Every structure is written in C-alpha cells, then in structure tokens.
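Listing of final.csv; format and content: CSV, C-alpha atoms.
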```
chain,number,residue,atom,x,y,z
O,1014,MET,CA,56.7,36.2,67.2
O,1015,THR,CA,54.7,36.1,64.0
O,1016,VAL,CA,54.2,39.1,61.7
O,1017,THR,CA,50.4,39.2,62.6
O,1018,ARG,CA,51.2,39.1,66.3
O,1019,SER,CA,53.8,41.9,65.9
O,1020,ILE,CA,51.3,44.1,64.0
O,1021,GLY,CA,48.8,43.5,66.8
O,1022,VAL,CA,51.3,44.4,69.5
O,1023,VAL,CA,52.3,47.6,67.7
O,1024,CYS,CA,48.7,48.7,67.0
O,1025,GLY,CA,47.7,47.9,70.6
O,1026,ALA,CA,50.6,50.0,71.9
O,1027,ILE,CA,49.6,52.9,69.7
O,1028,ILE,CA,45.9,52.7,70.8
O,1029,ASP,CA,47.0,52.6,74.4
O,1030,ARG,CA,49.1,55.7,74.0
O,1031,ILE,CA,46.1,57.5,72.3
O,1032,VAL,CA,43.8,56.4,75.1
O,1033,ARG,CA,46.2,57.7,77.8
O,1034,TRP,CA,46.6,61.0,75.9
O,1035,LEU,CA,42.8,61.4,75.6
O,1036,ALA,CA,42.3,60.5,79.2
O,1037,LEU,CA,44.8,63.2,80.2
O,1038,SER,CA,43.1,65.7,78.0
O,1039,ARG,CA,39.9,65.1,80.0
O,1040,ILE,CA,37.8,64.9,76.9
O,1041,HIS,CA,34.4,63.3,77.6
O,1042,PRO,CA,33.9,59.8,76.0
O,1043,ASN,CA,30.5,60.9,74.6
O,1044,VAL,CA,32.3,63.6,72.6
O,1045,LEU,CA,34.6,61.0,71.0
O,1046,THR,CA,31.5,58.9,70.1
O,1047,PHE,CA,29.9,62.0,68.5
O,1048,LEU,CA,33.1,62.8,66.6
O,1049,GLY,CA,33.1,59.3,65.2
O,1050,LEU,CA,29.6,60.0,63.8
O,1051,VAL,CA,30.7,63.2,62.2
O,1052,ILE,CA,33.7,61.5,60.5
O,1053,ASN,CA,31.4,58.7,59.2
O,1054,ILE,CA,29.1,61.4,57.8
O,1055,TRP,CA,32.1,62.8,56.0
O,1056,ALA,CA,32.8,59.2,54.6
O,1057,ALA,CA,29.2,59.0,53.5
O,1058,TRP,CA,29.6,62.2,51.5
O,1059,LEU,CA,32.7,60.7,49.9
O,1060,PHE,CA,30.8,57.6,49.0
O,1061,ALA,CA,28.0,59.7,47.5
O,1062,GLN,CA,30.7,61.4,45.3
O,1063,GLY,CA,32.0,58.0,44.2
O,1064,LYS,CA,35.4,58.5,45.9
O,1065,PHE,CA,35.4,55.0,47.5
O,1066,GLY,CA,39.1,54.9,48.2
O,1067,TRP,CA,39.1,58.1,50.2
O,1068,ALA,CA,35.9,57.0,51.9
O,1069,ALA,CA,37.6,53.8,53.1
O,1070,VAL,CA,40.4,55.8,54.6
O,1071,VAL,CA,38.0,58.1,56.4
O,1072,VAL,CA,36.0,55.1,57.7
O,1073,ILE,CA,39.2,53.7,59.1
O,1074,GLY,CA,39.7,57.0,60.9
O,1075,ALA,CA,36.2,56.9,62.3
O,1076,GLY,CA,36.9,53.3,63.5
O,1077,LEU,CA,39.6,54.7,65.7
O,1078,PHE,CA,37.0,56.7,67.7
O,1079,ASP,CA,34.9,53.6,68.0
O,1080,MET,CA,37.8,51.7,69.5
O,1081,VAL,CA,38.9,54.4,72.0
O,1082,ASP,CA,35.7,55.9,73.4
O,1083,GLY,CA,34.9,53.0,75.6
O,1084,ARG,CA,38.5,52.6,76.8
O,1085,VAL,CA,38.7,56.3,77.6
O,1086,ALA,CA,35.5,56.0,79.6
O,1087,ARG,CA,37.0,53.1,81.6
O,1088,ALA,CA,40.3,54.9,82.0
O,1089,THR,CA,38.7,58.0,83.4
O,1090,SER,CA,36.0,56.3,85.4
O,1091,GLN,CA,33.2,57.8,83.3
O,1092,VAL,CA,31.4,54.6,82.4
O,1093,THR,CA,27.6,55.3,82.6
O,1094,ARG,CA,24.4,53.6,81.5
O,1095,PHE,CA,23.6,56.5,79.2
O,1096,GLY,CA,27.1,56.3,77.6
O,1097,GLY,CA,26.5,52.8,76.5
O,1098,PHE,CA,23.0,53.8,75.2
O,1099,PHE,CA,24.4,56.8,73.4
O,1100,ASP,CA,27.2,54.8,71.8
O,1101,SER,CA,24.7,52.3,70.5
O,1102,VAL,CA,22.4,54.9,69.0
O,1103,VAL,CA,25.3,56.8,67.4
O,1104,ASP,CA,26.6,53.6,65.9
O,1105,ARG,CA,23.3,53.0,64.2
O,1106,TYR,CA,23.3,56.5,62.7
O,1107,SER,CA,26.9,56.0,61.5
O,1108,ASP,CA,26.0,52.7,59.8
O,1109,LEU,CA,23.0,54.3,58.1
O,1110,ALA,CA,25.0,57.3,57.0
O,1111,LEU,CA,27.5,55.2,55.1
O,1112,PHE,CA,24.8,53.2,53.4
O,1113,PHE,CA,22.8,56.4,52.6
O,1114,GLY,CA,26.0,57.7,50.9
O,1115,LEU,CA,26.0,54.6,48.7
O,1116,LEU,CA,22.3,55.0,48.0
O,1117,VAL,CA,23.0,58.5,46.7
O,1118,TYR,CA,25.9,57.3,44.6
O,1119,TYR,CA,23.9,54.5,42.9
O,1120,ALA,CA,21.0,56.9,42.3
O,1121,THR,CA,23.4,59.3,40.7
O,1122,ILE,CA,24.7,56.7,38.2
O,1123,ASN,CA,21.1,55.3,37.7
O,1124,ARG,CA,21.8,51.8,39.1
O,1125,PHE,CA,18.3,50.9,40.4
O,1126,PHE,CA,19.1,47.3,41.3
O,1127,TYR,CA,21.9,48.4,43.6
O,1128,ILE,CA,19.7,51.1,45.2
O,1129,VAL,CA,17.3,48.2,46.2
O,1130,LEU,CA,20.3,46.0,47.3
O,1131,THR,CA,21.7,48.8,49.5
O,1132,ALA,CA,18.2,49.3,51.0
O,1133,ILE,CA,18.1,45.6,51.9
O,1134,VAL,CA,21.6,45.9,53.4
O,1135,MET,CA,20.4,48.9,55.5
O,1136,THR,CA,17.4,47.0,56.7
O,1137,GLY,CA,19.4,43.9,57.6
O,1138,SER,CA,22.1,46.0,59.4
O,1139,VAL,CA,19.5,47.7,61.6
O,1140,MET,CA,17.6,44.5,62.3
O,1141,VAL,CA,20.8,42.7,63.5
O,1142,SER,CA,21.1,45.3,66.2
O,1143,TYR,CA,17.4,45.5,66.9
O,1144,THR,CA,16.9,41.8,67.3
O,1145,ARG,CA,19.7,41.6,69.9
O,1146,ALA,CA,18.3,44.6,71.8
O,1147,ARG,CA,14.8,43.3,71.8
O,1148,ALA,CA,15.8,39.7,72.6
O,1149,GLU,CA,17.8,40.8,75.6
O,1150,ASN,CA,14.5,42.1,77.1
O,1151,ALA,CA,13.4,38.4,77.2
O,1152,ILE,CA,16.6,36.5,77.6
O,1153,PRO,CA,20.0,37.3,79.3
O,1154,LYS,CA,22.2,37.5,76.2
O,1155,CYS,CA,21.8,37.3,72.4
O,1156,LYS,CA,25.2,37.7,70.8
O,1157,VAL,CA,24.9,34.8,68.3
O,1158,GLY,CA,25.4,35.3,64.6
O,1159,PHE,CA,28.4,36.3,62.6
O,1160,LEU,CA,27.7,39.7,61.1
O,1161,GLU,CA,27.8,42.3,63.8
O,1162,ARG,CA,28.9,45.9,63.3
O,1163,PRO,CA,32.8,45.4,63.3
O,1164,GLU,CA,32.4,42.8,60.6
O,1165,ARG,CA,30.2,45.0,58.5
O,1166,VAL,CA,32.6,48.0,58.8
O,1167,VAL,CA,35.6,45.8,57.8
O,1168,LEU,CA,33.6,44.5,54.8
O,1169,ILE,CA,32.7,48.1,53.7
O,1170,ILE,CA,36.4,49.1,54.0
O,1171,ILE,CA,37.5,46.1,51.9
O,1172,GLY,CA,34.8,46.8,49.3
O,1173,ALA,CA,35.8,50.4,49.0
O,1174,LEU,CA,39.6,49.9,48.9
O,1175,PHE,CA,39.5,47.1,46.3
O,1176,ASP,CA,36.5,48.4,44.3
O,1177,ARG,CA,34.4,45.4,45.1
O,1178,MET,CA,31.5,47.2,46.8
O,1179,ALA,CA,28.8,45.4,44.8
O,1180,ALA,CA,30.1,42.0,46.0
O,1181,VAL,CA,30.4,43.3,49.6
O,1182,LEU,CA,26.8,44.5,49.5
O,1183,TRP,CA,25.7,41.0,48.5
O,1184,VAL,CA,27.7,39.5,51.3
O,1185,ILE,CA,26.3,41.9,53.9
O,1186,ALA,CA,22.7,41.5,52.6
O,1187,VAL,CA,22.8,37.7,52.9
O,1188,LEU,CA,24.8,37.4,56.1
O,1189,SER,CA,23.0,40.2,58.0
O,1190,ASN,CA,19.6,38.7,57.4
O,1191,LEU,CA,20.9,35.2,58.2
O,1192,THR,CA,22.2,36.7,61.5
O,1193,VAL,CA,18.7,38.1,62.2
O,1194,ILE,CA,17.1,34.7,61.5
O,1195,HIS,CA,19.7,33.0,63.7
O,1196,ARG,CA,19.0,35.4,66.6
O,1197,MET,CA,15.2,34.8,66.2
O,1198,ILE,CA,15.7,31.0,66.4
O,1199,TYR,CA,18.1,31.3,69.4
O,1200,THR,CA,15.8,33.7,71.2
O,1201,PHE,CA,12.8,31.3,70.7
O,1202,GLN,CA,14.8,28.4,72.1
O,1203,GLN,CA,16.2,30.3,75.1
O,1204,ALA,CA,12.8,31.9,75.9
O,1205,LYS,CA,11.1,28.5,75.7
O,1206,HIS,CA,13.8,27.0,78.0
O,1207,LEU,CA,13.3,29.8,80.6
O,1208,GLU,CA,9.5,29.4,80.4
O,1209,ASP,CA,9.7,25.6,80.9
O,1210,ALA,CA,12.0,26.2,83.9
O,1211,GLN,CA,9.5,28.6,85.4
O,1212,LEU,CA,6.7,26.1,84.9
O,1213,ARG,CA,8.8,23.3,86.7
O,1214,LEU,CA,9.8,25.6,89.6
O,1215,PRO,CA,6.4,25.5,91.5
O,1216,LYS,CA,6.3,21.7,91.2
O,1217,GLU,CA,9.8,21.3,92.6
O,1218,HIS,CA,9.0,23.5,95.6
O,1219,ALA,CA,5.6,22.0,96.3
O,1220,GLY,CA,7.1,19.0,98.1
O,1221,PRO,CA,5.5,15.5,98.5
O,1222,LEU,CA,1.7,15.2,99.0
O,1223,ALA,CA,0.5,14.7,102.6
```

Once you've parsed the file, please lay out its structure as structure tokens.
Amino acid sequence: MTVTRSIGVVCGAIIDRIVRWLALSRIHPNVLTFLGLVINIWAAWLFAQGKFGWAAVVVIGAGLFDMVDGRVARATSQVTRFGGFFDSVVDRYSDLALFFGLLVYYATINRFFYIVLTAIVMTGSVMVSYTRARAENAIPKCKVGFLERPERVVLIIIGALFDRMAAVLWVIAVLSNLTVIHRMIYTFQQAKHLEDAQLRLPKEHAGPLA
C-alpha cells in the first residue's frame, strides 16, 4: 500500500468515526452546515487581520463540516430537498466570506490592485456555481470545468499556508472564469442537441405519407 493510499484510508476511517458519532448525537445536518459557515466567517476575520496561517487552519476545520454534513444526513435518513438547497446557499456565503476577509486585508495595506483582483475572484467563484444552477434548468447536468468549490478551497489553503495568496488569486481568477466560459459553451451545445432532437421527434412519429 502506498503512502498516499495509507493516508486516505486513515483519514477515511477518522471521518467515518466522526460521522457515526454525530449520527448518534442526533444533531441535524443543517446545523452542521451552518456551523461550517460560522467557522468560515472566523477564518475570514483572520484573513482580514493578515493571519493567513491560522486562517488556513480554520478553513481546514470548516472543511470537515463540509465533508460530514451530507454523510450525516444519509446516515440518519435526513436527506431532504431543502437540505441540499441550504447547503448550496451556505457554501456561497462561506466562499464570499473568505474573499471578503481578503478584501479587507488588502484595503488595510492599501493594495488597490489586489482589491480589484479579489473582486474578480469573488465574481468568478459565484458565477461558476450560478452557471451550473441555471444551466441545469435547461439541460440535465452541467458539471464540466475544473475549478469547483473543493478546488478553490484547496487553493486558498495552499496560498495561506505557504504565503502565496497573490499567485493563488491569479489562478482562481483565470480558472474560475474559464470554467464559466466552458459551462456556457457546453450548455449551448447540449441545449441545441436537445432542441434538434425535439424537432426531429414529430417527423419520426408521423409515419409514411398515405
């Protein structure tokens, strides 16, 4: 067994134990989701203070709640339509809170360019989620593109831990907006395919002329 595989097995076992304990405690999954938001707001405050290393640690802690809330919901048979909706909305607030903390930090040290860059990152991050949600009103699925929320969170943690936040913001700004463009193109292609199929359907069922 490789080292990476061993780490994965150990982490998976720890998370399974946490999920079982939370399931036995009868805590509602939506409470776990909300606690994740509260912890991310704490991380945002640390970012605003320029304490990037501690902020990264707190973001990792918040990520634990992101990982277990859905598992606890399934383990306790509390999966609901509203739960999925609530989780998605809270995730957006969590993302924006972290970037807002960075905005405050860059404003404090008078780095106007990085304020603008962080604003672009915030816009791209929201639009990645919005394009998928809106696209799936027209087509069955739209999960194309690389930079979804887990990748963004990992990049933020890396940037904070290794003091490379400026480079990370550039990466997120570019890749998030490329993901949006990719989803727009994909949705256009899939929607056109569905529309063409609907146009062919009456002809196929009309039968031969008498």

Discussion item. Which residue is closest to Thr1192 (chain O)? Choose from O:Pro1163, O:Gly1158, O:Gly1096, O:Gly1066 and count only C-alpha atoms.
Written reply: O:Gly1158

Practice prompt. Would you mind reading off the distance between CA of Arg1033 (chain O) and CA of Val1081 (chain O), one decimal, in Å?
Written response: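 Computed distance, CA of Arg1033 (chain O) to CA of Val1081 (chain O), equals 9.9 Å.
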
Fill in: Within 7 Å of region 1130-1136 of chain O using only C-alpha atoms, minus same-chain residues under 6 positions, as a list in words
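Near region 1130-1136 of chain O, the qualifying residues are Leu1109, Phe1112, Leu1116, Leu1182, Ile1185 and Ala1186 of chain O.
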
Worksheet item: Near Ala1173 (chain O), counting only C-alpha atoms, which residues have an atom at most 6 Å away, once you skip same-chain residues fewer than 4 positions from it, shown as number ranges by chain?
Response: O: 1065-1066, 1069, 1178

Worksheet item: So how many Å separate CA of His1041 (chain O) and CA of Asn1150 (chain O), to one decimal?
Response: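 Interatomic distance, CA of His1041 (chain O) to CA of Asn1150 (chain O): 29.1 Å.
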
Ile1122 (chain O) surroundings by all atoms listed in the file, 12 Å radius, close-in-sequence under 5 positions cut, as a PDB file with C-alpha atoms, in the frame of the given file:
```
ATOM      1  CA  ALA O1061      28.000  59.700  47.500  1.00  0.00           C
ATOM      2  CA  GLN O1062      30.700  61.400  45.300  1.00  0.00           C
ATOM      3  CA  GLY O1063      32.000  58.000  44.200  1.00  0.00           C
ATOM      4  CA  LEU O1115      26.000  54.600  48.700  1.00  0.00           C
ATOM      5  CA  LEU O1116      22.300  55.000  48.000  1.00  0.00           C
ATOM      6  CA  VAL O1117      23.000  58.500  46.700  1.00  0.00           C
ATOM      7  CA  TYR O1127      21.900  48.400  43.600  1.00  0.00           C
ATOM      8  CA  ILE O1128      19.700  51.100  45.200  1.00  0.00           C
TER       9      ILE O1128
END
```

Residue rebuild result region 1137-1153 of chain O, N, CA and C atoms as a compact mmCIF listing (two decimals), keeping the file's coordinate frame:
```txt
# COMPACT_ATOMS: atom_id res chain seq x y z
N GLY O 1137 18.79 45.03 56.91
CA GLY O 1137 19.40 43.90 57.60
C GLY O 1137 20.34 44.38 58.71
N SER O 1138 21.11 45.44 58.46
CA SER O 1138 22.10 46.00 59.40
C SER O 1138 21.34 46.48 60.69
N VAL O 1139 20.25 47.21 60.46
CA VAL O 1139 19.50 47.70 61.60
C VAL O 1139 18.83 46.58 62.37
N MET O 1140 18.33 45.60 61.64
CA MET O 1140 17.60 44.50 62.30
C MET O 1140 18.57 43.60 63.10
N VAL O 1141 19.83 43.50 62.69
CA VAL O 1141 20.80 42.70 63.50
C VAL O 1141 20.91 43.35 64.89
N SER O 1142 21.00 44.66 64.96
CA SER O 1142 21.10 45.30 66.20
C SER O 1142 19.76 45.29 67.00
N TYR O 1143 18.67 45.49 66.26
CA TYR O 1143 17.40 45.50 66.90
C TYR O 1143 17.01 44.17 67.53
N THR O 1144 17.27 43.07 66.80
CA THR O 1144 16.90 41.80 67.30
C THR O 1144 17.69 41.45 68.61
N ARG O 1145 18.95 41.86 68.68
CA ARG O 1145 19.70 41.60 69.90
C ARG O 1145 19.11 42.47 71.06
N ALA O 1146 18.86 43.77 70.79
CA ALA O 1146 18.30 44.60 71.80
C ALA O 1146 16.97 44.15 72.32
N ARG O 1147 16.12 43.76 71.40
CA ARG O 1147 14.80 43.30 71.80
C ARG O 1147 14.85 41.93 72.47
N ALA O 1148 15.72 41.05 71.98
CA ALA O 1148 15.80 39.70 72.60
C ALA O 1148 16.30 39.79 74.01
N GLU O 1149 17.21 40.72 74.29
CA GLU O 1149 17.80 40.80 75.60
C GLU O 1149 16.81 41.41 76.65
N ASN O 1150 15.59 41.75 76.19
CA ASN O 1150 14.50 42.10 77.10
C ASN O 1150 13.82 40.78 77.60
N ALA O 1151 14.04 39.69 76.86
CA ALA O 1151 13.40 38.40 77.20
C ALA O 1151 14.36 37.38 77.70
N ILE O 1152 15.61 37.42 77.21
CA ILE O 1152 16.60 36.50 77.60
C ILE O 1152 17.89 37.22 78.04
N PRO O 1153 18.79 36.59 78.79
CA PRO O 1153 20.00 37.30 79.30
C PRO O 1153 20.88 37.87 78.18
```
